[in-house]
Amino acid sequence: MRLFDLSLRFKLPLWGGGLILATALAVSTSFVVQAWDNLNHDLLQNAQDIGRTMAPSLFPAILHDNVWGAFEIVSMPFSANPETALYESLIVIDNDKKVYVSSRPQEHPVLSELARLGPEYQRLSEDLPLRPDAGIFTVSVPGAQRIFVAVPIANDGVRLGTLIVSYNKSLLWQRFQIVLVRSIWITLLALAVLLPITAYWGRRMMLPMRLVTERISRIGSGDLEALNPALYPYRDEVGQLFLAYETVLSKLREKAEFEKEMLKSERMAAVGRLTAGIAHEINNPLGGMLNAISTLKRHGDPDPVTQKTVSLLERGLSQIRETVAALLVEAKVKSRPLGAADLEDVRVLVTPAANKQGTRLSWVGALPNALPLPSTLVRQVLINLLLNAIAAAGQGGQVAVRVLASEARFVLVVENTGQPLLPEQLTRLFEPFTSFSEHGNGLGLWICYQIVTQLGGTISAESNDPLTRFTVILPLDPLHAANATPNLPD
Amino acid sequence: MPKFLKVILIALWLGVWCMGAQGARESRTIRVAMTPAFLHDQHALLAEWRDYLKFRLNRPVEFVQRDRYRDTMDLLQQQKVEFAWICDYPYVALKKDIRLLAVALNEGKPTYRSYLIVPTRDTSTRSIDDLKGSVFAYADPYSNTGYLSPRFEIKRSGADPATFFKRTFFTWSHRKAIDAVAAGLAQGASIDSFVWDALNKVRPDITAKTRIAWKSEEYGFPPLVAQSHVPDADFLLMQNVLLNMKNDEHGRLLLARLNLTGFIAGSPKLYDSVADMMRLFGER
């Protein structure tokens with residue numbers, strides 16, 4: 001796996017860490033370089049300060065040959081705080097370049113020659129100007145271990161000796177190391193604080209994005225799982241991603257629903273066409289056959305046995321015709337407008353059936369005036385639905401009818417408290433010959449569906465414990481009704 | 001009646017004057033010079049000792065500290081102090097101007113020695129002869145153990161003390177002479193045994209850097225002296241207080257901290273050996 005293929009969950013903290021590290025290093029480096037410069041500068045400044053303050057007090061000490069007094073002066077800075085003293089030693093030499101006194105008497109014994117103390121001292125001894133009016137003389141050779149600052153001990157044009165402030169570069173380095181170590185610790189501390197924050201932040205950023213990604217990749221397999229918006233309540237890009245995902249999801253759901261509806265109505269249309277085609281094909285020879293039998297009965301003189309057979313044939317063919325007629329629902333029947341009396345008639349008609357098996361029938365709503373709907377067909381739909389409902393409600397059940405008419409629509413709701421319908425029943429409810437009871441031919445709801453569809457309305461069923469509800473919605477707009485494409489061919 | 005009144009007034013005035021004079025004499029400060037003959041830089045201890053003396057004498061006491069014996073000797077000769085704790089050498093030198101007041105007891109004896117000390121890393125030196133041509137620290141030109149005694153030893157061995165060492169210097173105190181050797185500034189020093197022993201108790205880290213290479217014979221311990229003009233009453237009072245220090249608890253405590261066992265009246269004979277050495281250098 002390549003580095004750039006890593007999850008952002010790791011990449012973000014890595015980037016963050018890298019940036020923090022780079023920043024910290026840049027800051028520390030500049031700080032450290034500055035510190036080194038300061039240290040060097042301080043050192044020379046310090047040497048000159050020391051020289052300027054000490055040389056005047058050393059003058060009388062040398063003048064009075066007070067070795068001990070001179071020793072007390074040069075060792076004073078080291079006795080105060082030996083750790084923080086920048087310089088390694090303070091050496092007083094006389095005009096013969098011999099050690100008068102040193103803060104490190106064991107290394108620089110009294111009266112020893114400066115040149116004999118070491119190669120660096122020898123070089124200093126050679127270069128050191130001894131004129132009374134000479135200024136502060138600094139020896140700082142790049143490769144050398146020590147830096148020397150020589151301050152003349154002079155007064156009134158008389159030079160008694162020289163104070164040499166000696167610095168060991170390793171001491172400088174030691175001092176510098178303290179700064180270095182400190183800055184490293186600060187960098188590490190900053191990383192220790194900032195890295196977990198970046199890691200947490202990366203995780204927090206990535207979690208919602210990962211969830212969205214997972215969901216999107218599952219959409220293909222039809223899994224439309226919603227995201228909990230509480231997971232990311234902010235309005236930034238990630239929040240917008242959440243919202244966009246939600247929008248896509250609801251659109252997809254709508255589409256799926258729509259497709260399902262389309263499929264259903266297409267099937268119903270196909271079934272309708274098929275049924276009508278078959279019905280017409282049967283109707284034509286059937287008419288001929290029934291005519292033939294009628295002719296035979298009127299003009300023939302059949303014997304009793306034949307008469308009986310012909311009657312049998314006639315009854316059978318009549319039944320076929322009735323069935324076929326039922327299949328061929330014709331909505332374009334001229335009929336009077338639907339009035340309140342029609343509904344009342346239906347109620348009177350079904351009440352005996354309800355009473356017979358002890359079903360309670362409740363009726364809510366009435367029509368204030370006549371509606372531009374064919375009364376015959378609406379009555380047929382209502383009777384079919386009511387009889388079905390009463391049958392389904394059974395002993396002690398309840399059936400409720402609600403009628404609602406607005407400016408544009410007429411709504412009819414029939415509810416019953418019977419056994420709920422199964423999902424697979426619901427999907428095939430309006431197909432012909434789909435009977436779920438032992439009674440009936442399975443054409444009642446088919447007829448309802450055909451009528452409602454031809455009137456430009458919708459019929460739907462929903463069933464859940466404890467109610468099964470059929471809702472019929474019919475448009476009152478006569479234009480709409482006229483333009484409604486009939487499902488059945490003539 | 002006016003004459004009688006006048007007499008009373010004169011008597012009153014005299015009485016007041018006498019009382020004033022009496023009070024003035026009682027409150028006169030006793031000045032004591034302190035020298036580096038002992039660890040005179042233990043300031044807290046000195047302050048406590050001064051308060052003790054003030055209480056015992058019922059008089060104000062002032063300690064005057066000088067590093068150089070010569071300065072203290074001048075103070076005595078100029079009558080700027082009543083008493084002084086000086087080295088045995090100045091005592092002998094000033095004998096006609098001062099009186100021996102008391103001698104401290106160092107480990108029960110009124111004596112001390114001169115120690116020849118060298119840095120610890122010098123393991124070979126056994127006597128001052130081994131230090132020829134070295135850098136040597138003297139304490140004070142009026143110190144017996146720190147100047148007279150080593151020069152006497154050099155001279156006794158037949159050498160010239162003026163050229164014996166490559167370089168010499170004065171530290172003006174035994175304590176600092178020990179420091180000089182401990183630091184390695186000097187390759188040897190001659191010091192007061194009492195100072196070294198006392199320092200060994202309070203700062204063993206410093207004395208550990210030095211080694212005692214040689215010990216001299218015993219000399220009379222640095223004496224407490226009185227200026228010759230000090231009234232007998234004051235002399236006896238002071239002597240009494242010093243000699244009785246070991247008899248009260250506070251005094252004993254102070255003596256212990258001074259690393260002393262007590263004070264005795266002492267005898268000038270104690271210092272005869274110093275006088276002998278001085279005679280060798282033609283000083284008496």
# chains A, B, ... in the order shown; residues from 1 in each chain; ligands from 1
$ select_by_dssp --residues "region 140-354 of chain A" --states "strand (DSSP E or B)" --output "VMD selection string"
chain A and resid 140 146 to 155 158 to 168 337 to 338
$ residues_around --residues "region 204-215 of chain B" --least-positions-apart "2" --cutoff "9 Å" --atoms "only C-alpha atoms" --output "ChimeraX atom specification"
/B:113-128,178-179,181-183,193,196-197,199-202,217-218
$ write_last_selection --atoms "C-alpha atoms" --output "PDB file, in the first residue's frame"
ATOM      1  CA  ARG B 113      51.869  24.516  68.225  1.00  0.00           C
ATOM      2  CA  SER B 114      52.776  25.549  64.763  1.00  0.00           C
ATOM      3  CA  TYR B 115      51.580  23.175  62.020  1.00  0.00           C
ATOM      4  CA  LEU B 116      53.418  22.965  58.738  1.00  0.00           C
ATOM      5  CA  ILE B 117      50.664  22.099  56.287  1.00  0.00           C
ATOM      6  CA  VAL B 118      50.933  21.075  52.648  1.00  0.00           C
ATOM      7  CA  PRO B 119      48.287  20.141  50.038  1.00  0.00           C
ATOM      8  CA  THR B 120      47.032  16.582  50.457  1.00  0.00           C
ATOM      9  CA  ARG B 121      48.480  15.526  47.078  1.00  0.00           C
ATOM     10  CA  ASP B 122      51.950  16.357  48.404  1.00  0.00           C
ATOM     11  CA  THR B 123      52.747  13.145  50.241  1.00  0.00           C
ATOM     12  CA  SER B 124      56.513  13.514  50.524  1.00  0.00           C
ATOM     13  CA  THR B 125      57.100  16.659  52.577  1.00  0.00           C
ATOM     14  CA  ARG B 126      58.179  15.873  56.153  1.00  0.00           C
ATOM     15  CA  SER B 127      59.706  19.170  57.240  1.00  0.00           C
ATOM     16  CA  ILE B 128      60.086  22.733  56.065  1.00  0.00           C
ATOM     17  CA  ILE B 178      44.794  27.032  55.226  1.00  0.00           C
ATOM     18  CA  ASP B 179      42.593  28.115  52.297  1.00  0.00           C
ATOM     19  CA  VAL B 181      47.168  25.592  50.741  1.00  0.00           C
ATOM     20  CA  ALA B 182      43.815  23.852  50.181  1.00  0.00           C
ATOM     21  CA  ALA B 183      43.355  25.761  46.895  1.00  0.00           C
ATOM     22  CA  SER B 193      47.402  24.432  65.420  1.00  0.00           C
ATOM     23  CA  TRP B 196      43.444  24.157  62.173  1.00  0.00           C
ATOM     24  CA  ASP B 197      41.922  21.914  64.863  1.00  0.00           C
ATOM     25  CA  LEU B 199      38.405  24.438  61.539  1.00  0.00           C
ATOM     26  CA  ASN B 200      38.714  20.685  61.316  1.00  0.00           C
ATOM     27  CA  LYS B 201      35.620  20.486  63.496  1.00  0.00           C
ATOM     28  CA  VAL B 202      33.458  23.017  61.660  1.00  0.00           C
ATOM     29  CA  GLU B 217      57.162  22.213  69.867  1.00  0.00           C
ATOM     30  CA  GLU B 218      54.567  23.719  72.173  1.00  0.00           C
TER      31      GLU B 218
END
$ interface_residues --of "chain B" --to "chain A" --cutoff "8 Å" --atoms "only C-alpha atoms" --output "list in words"
Val135, Phe169, Phe170, Thr171, Ala180, Ala183, Gly184 and Leu185 of chain B
$ write_last_selection --atoms "C-alpha atoms" --output "compact mmCIF listing (two decimals), in the first residue's frame"
# COMPACT_ATOMS: atom_id res chain seq x y z
CA VAL B 135 55.58 29.12 47.13
CA PHE B 169 53.00 35.99 50.68
CA PHE B 170 50.89 36.90 53.68
CA THR B 171 47.27 35.87 53.97
CA ALA B 180 45.66 29.05 50.26
CA ALA B 183 43.35 25.76 46.89
CA GLY B 184 46.90 24.91 45.83
CA LEU B 185 47.98 28.53 45.65
$ closest_residue --among "B:Thr35, B:Thr111, B:Ser149, B:Gln65" --to "Val274 (chain B)" --atoms "only C-alpha atoms"
B:Ser149
$ select_by_dssp --residues "region 60-272 of chain A" --states "helix (DSSP H, G or I)" --output "ChimeraX atom specification"
/A:60-63,67-80,114-117,119-127,169-219,229-231,237-272
$ residues_around --residues "region 175-186 of chain A" --least-positions-apart "5" --cutoff "12 Å" --atoms "only C-alpha atoms" --output "NGL selection string"
:A and (21 or 24-40 or 43 or 83-87 or 167-170 or 191-194)
$ write_last_selection --atoms "C-alpha atoms" --output "compact mmCIF listing (two decimals), in the first residue's frame"
# COMPACT_ATOMS: atom_id res chain seq x y z
CA LEU A 21 7.40 18.97 13.86
CA ALA A 24 8.79 23.29 16.12
CA LEU A 25 12.11 22.47 14.45
CA ALA A 26 12.16 25.78 12.61
CA VAL A 27 11.34 27.72 15.77
CA SER A 28 13.77 25.70 17.89
CA THR A 29 16.54 26.02 15.33
CA SER A 30 16.20 29.77 15.12
CA PHE A 31 15.99 29.91 18.90
CA VAL A 32 19.05 27.72 19.28
CA VAL A 33 21.05 29.68 16.72
CA GLN A 34 20.03 32.88 18.45
CA ALA A 35 21.01 31.37 21.80
CA TRP A 36 24.42 30.37 20.43
CA ASP A 37 24.99 33.86 19.10
CA ASN A 38 23.85 35.41 22.35
CA LEU A 39 26.06 33.09 24.32
CA ASN A 40 29.08 34.04 22.23
CA LEU A 43 30.82 35.70 26.67
CA GLU A 83 28.29 26.22 37.86
CA THR A 84 27.11 29.38 36.21
CA ALA A 85 30.51 31.03 35.81
CA LEU A 86 31.03 31.18 32.06
CA TYR A 87 34.76 31.41 32.19
CA TYR A 167 37.00 30.49 28.38
CA ASN A 168 36.83 26.85 27.61
CA LYS A 169 34.69 26.24 24.56
CA SER A 170 33.55 22.94 26.04
CA LEU A 191 4.29 17.23 19.95
CA ALA A 192 2.98 15.22 22.89
CA VAL A 193 0.21 17.74 23.37
CA LEU A 194 -0.60 18.49 19.74
$ atom_distance --atom1 "CA of Lys155 (chain B)" --atom2 "CA of Asp129 (chain B)"
10.4 Å
$ closest_residue --among "B:Ala256, B:Leu243, B:Ala275, B:Leu76" --to "Val230 (chain B)" --atoms "only C-alpha atoms"
B:Leu76
$ atom_distance --atom1 "CA of Gly118 (chain A)" --atom2 "CA of Ile136 (chain A)"
21.7 Å
$ residues_around --residues "Thr261 (chain B)" --least-positions-apart "3" --cutoff "7 Å" --atoms "only C-alpha atoms" --output "list in words"
Leu105, Asn106, Glu107, Gly108, Leu255 and Ala256 of chain B
$ write_last_selection --atoms "C-alpha atoms" --output "JSON list (two decimals), in the first residue's frame"
[["chain", "number", "residue", "atom", "x", "y", "z"],
["B", 105, "LEU", "CA", 43.22, 26.38, 77.68],
["B", 106, "ASN", "CA", 43.55, 24.43, 74.46],
["B", 107, "GLU", "CA", 42.60, 20.81, 75.25],
["B", 108, "GLY", "CA", 43.33, 21.51, 78.88],
["B", 255, "LEU", "CA", 33.87, 27.69, 75.47],
["B", 256, "ALA", "CA", 32.89, 24.48, 73.74]]
$ residues_around --residues "Ala70 (chain A)" --least-positions-apart "6" --cutoff "8 Å" --atoms "only C-alpha atoms" --output "PyMOL selection string"
chain A and resi 58+61-62+101
$ write_last_selection --atoms "N, CA and C atoms" --output "mmCIF file, in the first residue's frame"
data_model
loop_
_atom_site.group_PDB
_atom_site.id
_atom_site.type_symbol
_atom_site.label_atom_id
_atom_site.label_comp_id
_atom_site.auth_asym_id
_atom_site.auth_seq_id
_atom_site.Cartn_x
_atom_site.Cartn_y
_atom_site.Cartn_z
ATOM 1 N N LEU A 58 42.768 44.879 41.042
ATOM 2 C CA LEU A 58 43.985 44.060 41.050
ATOM 3 C C LEU A 58 45.241 44.936 41.074
ATOM 4 N N ALA A 61 46.591 45.461 44.539
ATOM 5 C CA ALA A 61 47.021 44.174 45.096
ATOM 6 C C ALA A 61 48.411 43.821 44.576
ATOM 7 N N ILE A 62 48.617 44.009 43.266
ATOM 8 C CA ILE A 62 49.931 43.709 42.695
ATOM 9 C C ILE A 62 50.958 44.739 43.182
ATOM 10 N N VAL A 101 49.044 35.201 39.798
ATOM 11 C CA VAL A 101 48.094 34.392 40.551
ATOM 12 C C VAL A 101 47.020 33.941 39.573
#
$ atom_distance --atom1 "CA of Lys251 (chain A)" --atom2 "CA of Ala226 (chain A)"
12.4 Å
